[in-house]
Amino acid sequence: DWSSNVCSSDLKAIRNALKADNCPNTFEGTLAPYNQMLMATDTAMGWAALMFQVHPDEAIRNAAGECKQKLAAFGNEVALDKTIYTQIDSVDLSDFDGQTKRYVERILREFRRSGVDKDDATRERLKAIYAKMVELGQTYQKNVLADVRQIELTDRTLLQGLPEDWVAAHTPKDDSAPIVITTDYPDFIPFQSYCADEPSRKALYAEFMLRGFPKNESVLKRSEEHTSELQSRQYL
């Protein structure tokens, strides 16, 4: 919720100020607010991405996913905004040091790489492609997170090296029941870090890397189609 508020108020306020006719083409009037907007976007996106990945409440994960889409859409709009690009390019850098000049050169280069110098119709198409790729990326992640896999161990000695409390939590009371190790991070990371048995680590790692398959094959294909369009039409 806080990320959505940042996106809908603070970030847009800075963007609107940069697009205003009276925006000063100075470091304080243009470059500093632009940098502040980038940092705020990055911070909000980081928290939204974290909640999307790890929060136990599905409603929160879904809200975080929507927030990521809004923030990504905002970033794409800025990256394709000719007015902001022109405003940054108009800042007189003659009195600034080499590091600042290089920073601005890289900013302008990233704008051009995004397609800001293309015609209106092309920029609208680019915006649509970028939005779709964000959506596909989230679908891919959801499929991976929902696909919890496991291995089963019948030999308790294979848990050597793991912390005692972790072993106790995973050892069933029934001695004949297998030990189940899942691809969820609380299982996966300790097991890969401390389990002394290499074949068991490899077995769990193989399951971990197969998460989302084959469901994500179609997602990857659609993503490749959008990437191919960017390349074939020489948008970028």
# chains A, B, ... in the order shown; residues from 1 in each chain; ligands from 1
>>> residues_around(residues="A:Gly75", least_positions_apart="6", cutoff="10 Å", atoms="only C-alpha atoms", output="VMD selection string")
chain A and resid 7 11 37 to 38 41 to 42 69 81
>>> write_last_selection(atoms="C-alpha atoms", output="PDB file, in the first residue's frame")
ATOM      1  CA  CYS A   7       4.067   5.749  -7.026  1.00  0.00           C
ATOM      2  CA  LEU A  11       7.095   9.997  -7.912  1.00  0.00           C
ATOM      3  CA  MET A  37      12.923   9.897  -8.305  1.00  0.00           C
ATOM      4  CA  LEU A  38      15.144   7.008  -9.424  1.00  0.00           C
ATOM      5  CA  THR A  41      11.387   4.063  -7.479  1.00  0.00           C
ATOM      6  CA  ASP A  42      14.173   1.582  -6.824  1.00  0.00           C
ATOM      7  CA  GLN A  69       3.510  -3.479 -12.385  1.00  0.00           C
ATOM      8  CA  ASP A  81       9.390  10.736 -22.084  1.00  0.00           C
TER       9      ASP A  81
END
>>> closest_atom_pairs(of="stretch 68-107 of chain A", to="stretch 121-143 of chain A", cutoff="7 Å", atoms="only C-alpha atoms", output="tab-separated table")
residue	atom	partner	partner_atom	distance
A:Gln69	CA	A:Val134	CA	6.7
A:Ala73	CA	A:Ala131	CA	6.2
A:Asn76	CA	A:Lys127	CA	6.4
A:Leu80	CA	A:Arg123	CA	6.6
>>> residues_around(residues="A:Glu110", least_positions_apart="4", cutoff="8 Å", atoms="only C-alpha atoms", output="list of chain:residue names")
A:Ala79, A:Arg106, A:Ser114
>>> select_by_dssp(residues="chain A", states="strand (DSSP E or B)", output="list in words")
Gln150, Ile151, Glu152, Leu153, Ile179, Val180, Ile181 and Thr182 of chain A
>>> write_last_selection(atoms="C-alpha atoms", output="tab-separated table (two decimals), in the first residue's frame")
chain	number	residue	atom	x	y	z
A	150	GLN	CA	10.65	-32.16	-2.74
A	151	ILE	CA	13.02	-35.04	-2.24
A	152	GLU	CA	12.62	-37.84	0.27
A	153	LEU	CA	15.48	-39.32	2.28
A	179	ILE	CA	12.49	-37.23	5.63
A	180	VAL	CA	10.91	-34.70	3.29
A	181	ILE	CA	13.04	-31.79	2.08
A	182	THR	CA	11.22	-29.21	-0.06
>>> select_by_dssp(residues="stretch 102-172 of chain A", states="helix (DSSP H, G or I)", output="number ranges by chain")
A: 102-114, 120-146, 156-159, 164-170
>>> residues_around(residues="A:Leu159", least_positions_apart="2", cutoff="12 Å", atoms="only C-alpha atoms", output="short mmCIF file (atom, residue, chain, number, x, y, z; two decimals) with C-alpha atoms, in the first residue's frame")
data_model
loop_
_atom_site.label_atom_id
_atom_site.label_comp_id
_atom_site.auth_asym_id
_atom_site.auth_seq_id
_atom_site.Cartn_x
_atom_site.Cartn_y
_atom_site.Cartn_z
CA GLU A 152 12.62 -37.84 0.27
CA LEU A 153 15.48 -39.32 2.28
CA THR A 154 15.25 -42.60 4.14
CA ASP A 155 18.79 -42.54 5.51
CA ARG A 156 19.05 -40.11 8.41
CA THR A 157 22.84 -40.09 8.23
CA GLY A 161 26.35 -31.24 8.72
CA LEU A 162 22.93 -29.65 9.16
CA PRO A 163 22.05 -27.76 12.38
CA GLU A 164 20.51 -29.94 15.09
CA ASP A 165 17.32 -27.88 15.36
CA TRP A 166 16.82 -28.07 11.59
CA VAL A 167 17.30 -31.85 11.64
CA ALA A 168 14.89 -32.21 14.57
CA ALA A 169 12.23 -30.17 12.78
CA HIS A 170 12.49 -32.34 9.67
CA THR A 171 12.79 -35.79 11.28
CA ILE A 179 12.49 -37.23 5.63
CA VAL A 180 10.91 -34.70 3.29
CA ILE A 181 13.04 -31.79 2.08
CA PRO A 190 20.26 -24.59 4.77
CA PHE A 191 20.32 -27.93 2.98
CA GLN A 192 22.52 -26.62 0.17
CA SER A 193 24.74 -24.78 2.64
CA TYR A 194 25.34 -27.45 5.28
CA CYS A 195 24.36 -30.92 4.10
CA ALA A 196 27.52 -33.01 3.81
CA ASP A 197 26.05 -35.43 1.26
CA GLU A 198 26.72 -34.14 -2.25
CA PRO A 199 24.29 -36.48 -4.13
CA SER A 200 21.44 -35.35 -1.87
CA ARG A 201 22.31 -31.69 -2.44
#
>>> closest_residue(among="A:Ala64, A:Leu158, A:Ala177, A:Leu210", to="A:Phe52", atoms="only C-alpha atoms")
A:Ala64
>>> residues_around(residues="A:Thr30", least_positions_apart="4", cutoff="9 Å", atoms="only C-alpha atoms", output="list of chain:residue names")
A:Ala17, A:Leu18, A:Cys23, A:Pro24, A:Asn25, A:Thr26, A:Tyr34, A:Asn35, A:Gln87, A:Ile88, A:Val91
>>> closest_residue(among="A:Glu224, A:Asp117, A:Asn16, A:Leu31", to="A:Asp92", atoms="only C-alpha atoms")
A:Leu31
>>> closest_residue(among="A:Glu66, A:Glu225, A:Asp175, A:Asp147", to="A:Ala49", atoms="only C-alpha atoms")
A:Glu66
>>> closest_residue(among="A:Ala32, A:Ser232, A:Asp120, A:Leu220", to="A:Tyr103", atoms="only C-alpha atoms")
A:Ala32
>>> atom_distance(atom1="atom CA of A:Trp47", atom2="atom CA of A:Ile84")
26.1 Å
>>> decode(residues="stretch 122-136 of chain A", atoms="all heavy atoms", output="mmCIF file, in the first residue's frame")
data_model
loop_
_atom_site.group_PDB
_atom_site.id
_atom_site.type_symbol
_atom_site.label_atom_id
_atom_site.label_comp_id
_atom_site.auth_asym_id
_atom_site.auth_seq_id
_atom_site.Cartn_x
_atom_site.Cartn_y
_atom_site.Cartn_z
ATOM 1 N N THR A 122 6.014 4.468 -32.426
ATOM 2 C CA THR A 122 6.986 3.463 -31.989
ATOM 3 C C THR A 122 7.116 3.468 -30.478
ATOM 4 O O THR A 122 7.181 2.406 -29.844
ATOM 5 C CB THR A 122 8.362 3.730 -32.630
ATOM 6 O OG1 THR A 122 8.243 3.643 -34.050
ATOM 7 C CG2 THR A 122 9.385 2.705 -32.153
ATOM 8 N N ARG A 123 7.142 4.656 -29.895
ATOM 9 C CA ARG A 123 7.259 4.729 -28.438
ATOM 10 C C ARG A 123 6.046 4.130 -27.742
ATOM 11 O O ARG A 123 6.162 3.500 -26.698
ATOM 12 C CB ARG A 123 7.483 6.174 -27.995
ATOM 13 C CG ARG A 123 8.918 6.658 -28.278
ATOM 14 C CD ARG A 123 9.229 8.023 -27.697
ATOM 15 N NE ARG A 123 8.498 9.068 -28.377
ATOM 16 C CZ ARG A 123 7.570 9.825 -27.821
ATOM 17 N NH1 ARG A 123 7.223 9.633 -26.557
ATOM 18 N NH2 ARG A 123 6.968 10.778 -28.513
ATOM 19 N N GLU A 124 4.861 4.304 -28.323
ATOM 20 C CA GLU A 124 3.662 3.682 -27.748
ATOM 21 C C GLU A 124 3.738 2.169 -27.838
ATOM 22 O O GLU A 124 3.336 1.457 -26.909
ATOM 23 C CB GLU A 124 2.413 4.197 -28.470
ATOM 24 C CG GLU A 124 2.008 5.604 -28.079
ATOM 25 C CD GLU A 124 1.726 5.736 -26.587
ATOM 26 O OE1 GLU A 124 1.027 4.862 -26.020
ATOM 27 O OE2 GLU A 124 2.221 6.705 -25.976
ATOM 28 N N ARG A 125 4.248 1.674 -28.954
ATOM 29 C CA ARG A 125 4.395 0.227 -29.099
ATOM 30 C C ARG A 125 5.439 -0.300 -28.112
ATOM 31 O O ARG A 125 5.256 -1.360 -27.508
ATOM 32 C CB ARG A 125 4.795 -0.128 -30.535
ATOM 33 C CG ARG A 125 4.983 -1.630 -30.774
ATOM 34 C CD ARG A 125 3.742 -2.402 -30.409
ATOM 35 N NE ARG A 125 3.955 -3.853 -30.474
ATOM 36 C CZ ARG A 125 3.228 -4.745 -29.826
ATOM 37 N NH1 ARG A 125 2.221 -4.350 -29.051
ATOM 38 N NH2 ARG A 125 3.484 -6.030 -29.937
ATOM 39 N N LEU A 126 6.528 0.419 -27.941
ATOM 40 C CA LEU A 126 7.557 0.019 -26.982
ATOM 41 C C LEU A 126 6.986 -0.034 -25.569
ATOM 42 O O LEU A 126 7.254 -0.965 -24.820
ATOM 43 C CB LEU A 126 8.736 0.999 -27.031
ATOM 44 C CG LEU A 126 9.663 0.900 -28.241
ATOM 45 C CD1 LEU A 126 10.631 2.072 -28.264
ATOM 46 C CD2 LEU A 126 10.430 -0.416 -28.215
ATOM 47 N N LYS A 127 6.194 0.961 -25.230
ATOM 48 C CA LYS A 127 5.578 1.000 -23.907
ATOM 49 C C LYS A 127 4.707 -0.242 -23.681
ATOM 50 O O LYS A 127 4.720 -0.851 -22.603
ATOM 51 C CB LYS A 127 4.750 2.279 -23.756
ATOM 52 C CG LYS A 127 4.242 2.532 -22.347
ATOM 53 C CD LYS A 127 3.335 3.756 -22.316
ATOM 54 C CE LYS A 127 4.056 5.004 -22.743
ATOM 55 N NZ LYS A 127 3.183 6.213 -22.628
ATOM 56 N N ALA A 128 3.951 -0.623 -24.710
ATOM 57 C CA ALA A 128 3.085 -1.801 -24.601
ATOM 58 C C ALA A 128 3.904 -3.080 -24.465
ATOM 59 O O ALA A 128 3.559 -3.970 -23.681
ATOM 60 C CB ALA A 128 2.177 -1.893 -25.827
ATOM 61 N N ILE A 129 4.990 -3.163 -25.221
ATOM 62 C CA ILE A 129 5.854 -4.352 -25.138
ATOM 63 C C ILE A 129 6.485 -4.456 -23.763
ATOM 64 O O ILE A 129 6.505 -5.530 -23.152
ATOM 65 C CB ILE A 129 6.935 -4.313 -26.228
ATOM 66 C CG1 ILE A 129 6.302 -4.471 -27.613
ATOM 67 C CG2 ILE A 129 7.975 -5.413 -26.005
ATOM 68 C CD1 ILE A 129 7.283 -4.313 -28.759
ATOM 69 N N TYR A 130 7.020 -3.349 -23.246
ATOM 70 C CA TYR A 130 7.653 -3.362 -21.926
ATOM 71 C C TYR A 130 6.651 -3.777 -20.851
ATOM 72 O O TYR A 130 6.980 -4.557 -19.949
ATOM 73 C CB TYR A 130 8.229 -1.984 -21.601
ATOM 74 C CG TYR A 130 9.388 -1.558 -22.476
ATOM 75 C CD1 TYR A 130 9.628 -0.208 -22.736
ATOM 76 C CD2 TYR A 130 10.237 -2.489 -23.048
ATOM 77 C CE1 TYR A 130 10.685 0.194 -23.541
ATOM 78 C CE2 TYR A 130 11.289 -2.093 -23.856
ATOM 79 C CZ TYR A 130 11.508 -0.740 -24.099
ATOM 80 O OH TYR A 130 12.549 -0.347 -24.890
ATOM 81 N N ALA A 131 5.435 -3.262 -20.939
ATOM 82 C CA ALA A 131 4.402 -3.607 -19.947
ATOM 83 C C ALA A 131 4.076 -5.091 -20.004
ATOM 84 O O ALA A 131 3.914 -5.750 -18.964
ATOM 85 C CB ALA A 131 3.154 -2.766 -20.180
ATOM 86 N N LYS A 132 3.968 -5.619 -21.202
ATOM 87 C CA LYS A 132 3.653 -7.040 -21.357
ATOM 88 C C LYS A 132 4.779 -7.909 -20.824
ATOM 89 O O LYS A 132 4.537 -8.957 -20.195
ATOM 90 C CB LYS A 132 3.395 -7.361 -22.834
ATOM 91 C CG LYS A 132 2.843 -8.761 -23.064
ATOM 92 C CD LYS A 132 1.501 -8.955 -22.362
ATOM 93 C CE LYS A 132 0.937 -10.340 -22.586
ATOM 94 N NZ LYS A 132 -0.340 -10.545 -21.874
ATOM 95 N N MET A 133 6.024 -7.490 -21.023
ATOM 96 C CA MET A 133 7.157 -8.278 -20.545
ATOM 97 C C MET A 133 7.238 -8.269 -19.016
ATOM 98 O O MET A 133 7.630 -9.261 -18.403
ATOM 99 C CB MET A 133 8.459 -7.759 -21.172
ATOM 100 C CG MET A 133 8.518 -8.018 -22.672
ATOM 101 S SD MET A 133 10.068 -7.518 -23.465
ATOM 102 C CE MET A 133 11.161 -8.830 -22.921
ATOM 103 N N VAL A 134 6.837 -7.160 -18.408
ATOM 104 C CA VAL A 134 6.760 -7.121 -16.944
ATOM 105 C C VAL A 134 5.700 -8.110 -16.453
ATOM 106 O O VAL A 134 5.925 -8.875 -15.510
ATOM 107 C CB VAL A 134 6.428 -5.696 -16.449
ATOM 108 C CG1 VAL A 134 6.094 -5.717 -14.962
ATOM 109 C CG2 VAL A 134 7.598 -4.764 -16.705
ATOM 110 N N GLU A 135 4.558 -8.109 -17.109
ATOM 111 C CA GLU A 135 3.476 -9.024 -16.743
ATOM 112 C C GLU A 135 3.911 -10.483 -16.907
ATOM 113 O O GLU A 135 3.646 -11.326 -16.043
ATOM 114 C CB GLU A 135 2.254 -8.740 -17.611
ATOM 115 C CG GLU A 135 1.061 -9.628 -17.317
ATOM 116 C CD GLU A 135 -0.094 -9.387 -18.253
ATOM 117 O OE1 GLU A 135 -0.189 -8.269 -18.807
ATOM 118 O OE2 GLU A 135 -0.912 -10.312 -18.464
ATOM 119 N N LEU A 136 4.581 -10.782 -18.004
ATOM 120 C CA LEU A 136 5.055 -12.144 -18.240
ATOM 121 C C LEU A 136 6.103 -12.552 -17.209
ATOM 122 O O LEU A 136 6.129 -13.697 -16.742
ATOM 123 C CB LEU A 136 5.639 -12.263 -19.649
ATOM 124 C CG LEU A 136 4.634 -12.214 -20.798
ATOM 125 C CD1 LEU A 136 5.353 -12.110 -22.140
ATOM 126 C CD2 LEU A 136 3.733 -13.431 -20.773
#
